[in-house]
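K.L.:
Got a structure for you, written out below as structure tokens; questions coming shortly.
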Amino acid sequence: MYKDPHRFVTIAEAIKKMERYCAYQERCHKDVEGKLKTMRLIPEAREKIILHLLDQNFLNEERFAKSFARGKFNIKKWGKQRIVRELKYRGISEYNLKTALKEIPEKDYLEAFHKLAEKKYASITETNLSKKQKKLTDYLLYRGWETHLVFEKIKELFR
């Protein structure tokens with residue numbers, strides 16, 4: 001079916017679309033606002049839709065932050081620094097950042113870090129030890145693991 005990109009969307013249609021958008025996956029305010037802007041709605045209509053989504057619990061920043069932190073840690077093996085950086089980029093409040101990080105048990109966090117570091121260490125084929133050390137350090141820091149953890153692990157692996 002052909003859809004005219006210049007056709008205006010009614011508020012009721014936009015609400016239904018945004019309810020589906022938020023029900024499919026947890027979203028933050030920034031995601032929702034971006035999606036609403038693509039619908040070319042006036043600011044008052046966007047605000048009304050966001051208030052509706054909040055009121056009906058389709059949009060919940062705390063729930064989004066917790067889900068995001070769990071998912072990025074469990075699936076992508078990101079460290080807390082990377083998770084915080086990404087959540088701040090999405091405009092998540094300090095309170096919700098702290099709440100989200102509580103979703104990651106410290107024991108699991110350290111266990112995942114050591115497994116990831118050892119797996120990456122074994123996979124780096126570089127023969128020059130200082131280059132291998134730099135590659136591992138860069139990899140772990142990019143993933144958002146704390147510098148003290150990274151440098152302790154580097155010392156341990158390159159003894």
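In the structure tokens, each chain is lettered A, B, ... as it comes, each chain's residues begin at 1, and ligands are numbered from 1 in order of appearance.
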Can you pull out every residue within 8 Å of Thr99 (chain A), counting only C-alpha atoms, but drop anything in the same chain fewer than 4 positions away, and send it as number ranges by chain?
P.N.:
A: 62, 65-66, 95, 103
K.L.:
Give me a file of those residues, with N, CA and C atoms, as a short mmCIF file (atom, residue, chain, number, x, y, z; two decimals), in the first residue's frame.
P.N.:
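Once everything was written out, this is result_4.cif:
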data_model
loop_
_atom_site.label_atom_id
_atom_site.label_comp_id
_atom_site.auth_asym_id
_atom_site.auth_seq_id
_atom_site.Cartn_x
_atom_site.Cartn_y
_atom_site.Cartn_z
N GLU A 62 12.63 4.90 34.20
CA GLU A 62 13.32 4.01 35.13
C GLU A 62 13.34 2.58 34.57
N ALA A 65 15.83 2.42 31.70
CA ALA A 65 17.22 2.43 32.16
C ALA A 65 17.63 1.06 32.71
N LYS A 66 16.76 0.45 33.50
CA LYS A 66 17.06 -0.87 34.06
C LYS A 66 17.20 -1.90 32.95
N TYR A 95 19.31 9.81 39.13
CA TYR A 95 18.63 8.83 39.98
C TYR A 95 18.42 7.52 39.20
N GLU A 103 21.01 -3.04 38.85
CA GLU A 103 20.50 -4.24 38.18
C GLU A 103 21.61 -5.25 37.89
#
K.L.:
Between region 3-33 of chain A and region 76-88 of chain A, at 12 Å or less, what are the per-residue closest atom pairs and their distances in Å? Count only C-alpha atoms, order by chain and rising residue number, and return it as a tab-separated table.
P.N.:
residue	atom	partner	partner_atom	distance
A:Arg27	CA	A:Leu87	CA	11.6
A:Cys28	CA	A:Leu87	CA	9.3
A:His29	CA	A:Leu87	CA	11.4
A:Lys30	CA	A:Leu87	CA	10.6
A:Asp31	CA	A:Leu87	CA	11.9
K.L.:
Atoms to include: N, CA, C and O atoms. Write the selected residues as a PDB file, in the first residue's frame.
P.N.:
ATOM      1  N   ARG A  27      11.487   2.173  25.522  1.00  0.00           N
ATOM      2  CA  ARG A  27      11.996   3.385  24.868  1.00  0.00           C
ATOM      3  C   ARG A  27      12.243   4.464  25.905  1.00  0.00           C
ATOM      4  O   ARG A  27      11.600   4.491  26.952  1.00  0.00           O
ATOM      5  N   CYS A  28      13.154   5.392  25.579  1.00  0.00           N
ATOM      6  CA  CYS A  28      13.376   6.550  26.435  1.00  0.00           C
ATOM      7  C   CYS A  28      12.678   7.752  25.796  1.00  0.00           C
ATOM      8  O   CYS A  28      12.253   7.694  24.646  1.00  0.00           O
ATOM      9  N   HIS A  29      12.594   8.836  26.542  1.00  0.00           N
ATOM     10  CA  HIS A  29      11.924  10.043  26.041  1.00  0.00           C
ATOM     11  C   HIS A  29      12.548  10.511  24.730  1.00  0.00           C
ATOM     12  O   HIS A  29      11.838  10.931  23.817  1.00  0.00           O
ATOM     13  N   LYS A  30      13.875  10.438  24.660  1.00  0.00           N
ATOM     14  CA  LYS A  30      14.578  10.930  23.468  1.00  0.00           C
ATOM     15  C   LYS A  30      14.165  10.139  22.212  1.00  0.00           C
ATOM     16  O   LYS A  30      13.955  10.720  21.153  1.00  0.00           O
ATOM     17  N   ASP A  31      14.046   8.816  22.351  1.00  0.00           N
ATOM     18  CA  ASP A  31      13.611   7.974  21.222  1.00  0.00           C
ATOM     19  C   ASP A  31      12.208   8.378  20.762  1.00  0.00           C
ATOM     20  O   ASP A  31      11.942   8.514  19.565  1.00  0.00           O
TER      21      ASP A  31
END
K.L.:
Residues of region 17-52 of chain A in helix (DSSP H, G or I) according to DSSP, as a ChimeraX atom specification?
P.N.:
/A:17-24,29-38,43-52
K.L.:
Rounded to one decimal, what separation in Å do you get between CA of Lys102 (chain A) and CA of Gln56 (chain A)?
P.N.:
25.7 Å
K.L.:
Pick out the closest residue to Gln133 (chain A) from this set: A:His114, A:His148, A:Lys155, A:Lys119. Count only C-alpha atoms.
P.N.:
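Answer, going by the shortest atom-to-atom distance: A:Lys155.
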K.L.:
Can you measure CA of Ile49 (chain A) to CA of Glu13 (chain A) for me? One decimal in Å is fine.
P.N.:
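Taking CA of Ile49 (chain A) and CA of Glu13 (chain A), their separation equals 10.4 Å.
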K.L.:
Quick one: distance from CA of Ile124 (chain A) to CA of Lys153 (chain A) in Å, one decimal?
P.N.:
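Result for CA of Ile124 (chain A) versus CA of Lys153 (chain A): 15.3 Å, one decimal.
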K.L.:
Can you tell me which residues surround Met18 (chain A) at a distance of at most 10 Å, considering only C-alpha atoms, apart from same-chain residues fewer than 2 positions away, and format the answer as a count of residues only?
P.N.:
19
K.L.:
Closest to Phe68 (chain A) among A:Leu41, A:Ile92, A:Leu149, A:Ala117, using only C-alpha atoms?
P.N.:
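Smallest separation from Phe68 (chain A) among the options: A:Ile92.
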